[in-house]
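See below for the structure under consideration.
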Amino acid sequence: MAERTLAKVLGSAEAARRLVLSLFFRAAVGIERIYHFETLDDVGFAILSGGSQVLSRTRLGALVRAVTTGPVKAFARATECLSALRNQVVTLSLDEHAIARFTRKFRIVKGWHTIRNKRMRIEKLFFLYWPAQRRFLHLLVTRANAELADVALLFLRAVRARVHPQQIRLILDAAAAHSHASLIRFDRHRKTVFLIRAPRRPAYIKAWKRLPRDAFTRVDEPGRYVGATPKAIDITETTTAVKGIARSVRTIVVREHAARGKDRWHALFVLHDDTTAPLDLLKEFRTRQHHEQGYRIGGHDLVLDTAPSGYPKNGQPNRPGFRQGPLTLSAWISALAWDALRELGAALPRAFHLAHPRTLRRWILVRDAELIVTPSHLLVVLESIRRRTWLRPLIQRFNAAHTTLPWLGDRRVAMGFAAHCPQLPDARPVLPEIAESSSDCARICSGVWC
C-alpha cells in the first residue's frame, strides 16, 4: 500500500516501504524519538523495517519531511476500515488530542492543552473512534484554532459520502456545544443522532438544580472496585430551549452524589433521538471513555505525542505555515500499530485481550532470538521457552501463513524454539523439508522445533 501511494513523492518504492515500516515498528516497539535511530543497530529491527540496516536518523527524518498531504491522505484512505460501517447503525466518538509544541522560534497558533491545563502552542489531532471495536477509523490534523463542531461536520460528510451507514450516533464532548450556533448546525443533520456533553455553565446548573426532586430516578451503579459501596446517581429528562432550533433540545440530567463535598451535575444534549431511555443514553455516552483511553495509550505507549511537527522547520519564524503530511502519516501509523497490537492480544489468552502495548512488549515482543538466513528462509530461533504453552499456537499459525519478505530475496520467515530447549511430545521440526537433506543448512536448522 505504501509503495502504491507514497513511491512517487519519495522517489522510489523502496523509500516508501522503508519509511512506513520504520514508523510502524517504531510505534510497535516503543522507540520514542526519531533521533534514537542514531544508536539503533539491531539486525532484527533492520529486517522488520525493510532493509539490511536500520535507517539513520537523518535519512528517516528526510523521508518524513518529504511526504506531502495528498499521497499521505491516499495512504490513510487505503488503510482505514470505514467500509465496516456500511449499512450499519453505529455509535462513533470524535474528540481532539493536543500535542504540545515547545518552540519559541516559530509563532504557531496557541490553544488549550487540557492535560497541562493551560493555553500554549499546540497542534491538534482529531480521531474518529469506534468504541465498540476500540479502533481508530479516521484522522484529521489541524492547527490549534480548529473547532470540534467544524471538524465533526467535515467527518460526517466524509463518512456518509464514502460508506453510507444506515445511521451514525455521534458522541461529542462539551467543546462541540460551545455556542448555540454549533447546536443549530448539528440540528440540520436530521439523520444523525448527536450525544453531546452539555457545558457546566452556572446558568445551566442553576436550571438543573431547580428540577423537582420527584422527577429524578435513583440508580445504584457499581462502585470504584469489586465489593465497594455502590455509587448512587439521580437521573432525569428535561428540555433546553435553544434559540434557532424549533423544538427544545432533549436533555438528560445526572446528579452524582458525592461521598463528601458538593454533588456533581452532568447533562447530555440529545439531538434526533426521542425514544431511547435516559439511562441507556448515558451508558452509550460513557463508551467515549474508550476513546480517551486510546489517546492515553497513544501518548504513553505508541509515541503519539512525539509525532513530527506540522510547521516546517525551514519556514519563516513569524509565519511558519502548516503541513499536514508528516504529522498525519506518523499519527495514523501509530493508530495502525495499535490495531495490530490489539489483534495480537486477541490471539492470546483472555488476560491479554485488552493488554496495553507495553504489556505485550514485556511478555511477547521483546525476546532474545537468533536469526539464521538460508538460501530460502529466514529462521527466527527463540532462545527462551517461557510461556510456550500459549505462544506455540500463535507461532504455528504464523508459520502456516508462509510469510515472505520481498526485500530479503523473497525468503520465507519461520519461527521456532532452539534445539537445546526441552521439547514437548508433539514437537515438530519447523522446516522439515530442509531437515531431511544432508546440507550444512540442514544441520543448523534440524533441531529448531515448534
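The chains in the C-alpha cells are called A, B, ... from first to last as shown; in each chain the residues are counted from 1, and the ligands are counted from 1 in the order shown.
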
### Task
Give me the residues within 8 Å of Ala267 in chain A as an MDAnalysis selection string, counting only C-alpha atoms and dropping any in the same chain fewer than 2 places off.
chainID A and resid 197:199 251:254 265 269

#### Entry: range 237-249 of chain A environment, 10 Å, only C-alpha atoms, sequence neighbours closer than 4 positions dropped, as a list in words
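Contacts, in chain order: Ser179, His180, Ala181, Leu183, Ile184, Arg185, Asp187, Arg188, Tyr204, Ala207, Trp208, Leu211, Ala215, Phe216, Thr217, Val253, Val254, Ala267, Leu268, Phe269, Val270, Leu271, His272, Asp274, Ala277, Pro278 and Leu279 of chain A.
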
### Task
Mind the document's chain letters and residue numbers, and return as a ChimeraX atom specification the residues of range 167-307 of chain A that DSSP labels strand (DSSP E).
/A:167-172,192-197,217-221,231-240,249-256,264-271

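Restricting the calculation to only C-alpha atoms, the smallest distance between Leu63 in chain A and any of A:Ile171, A:Ile34, A:Ile364, A:Ala335 is found for A:Ile34.
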
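Going from CA of Thr276 in chain A to CA of Glu221 in chain A covers 19.3 Å.
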
### Query
Can you tell me, as a count of residues only, what residues are no more than 8 Å from range 315-332 of chain A when counting only C-alpha atoms, ignoring any on the same chain fewer than 6 positions away?
24

### Surrounding residues of Val29 in chain A excluding itself and chain neighbours under 5 positions, 10 Å, only C-alpha atoms, as a PyMOL selection string
chain A and resi 24+45+301-303+337+357-358+360-362+365-366
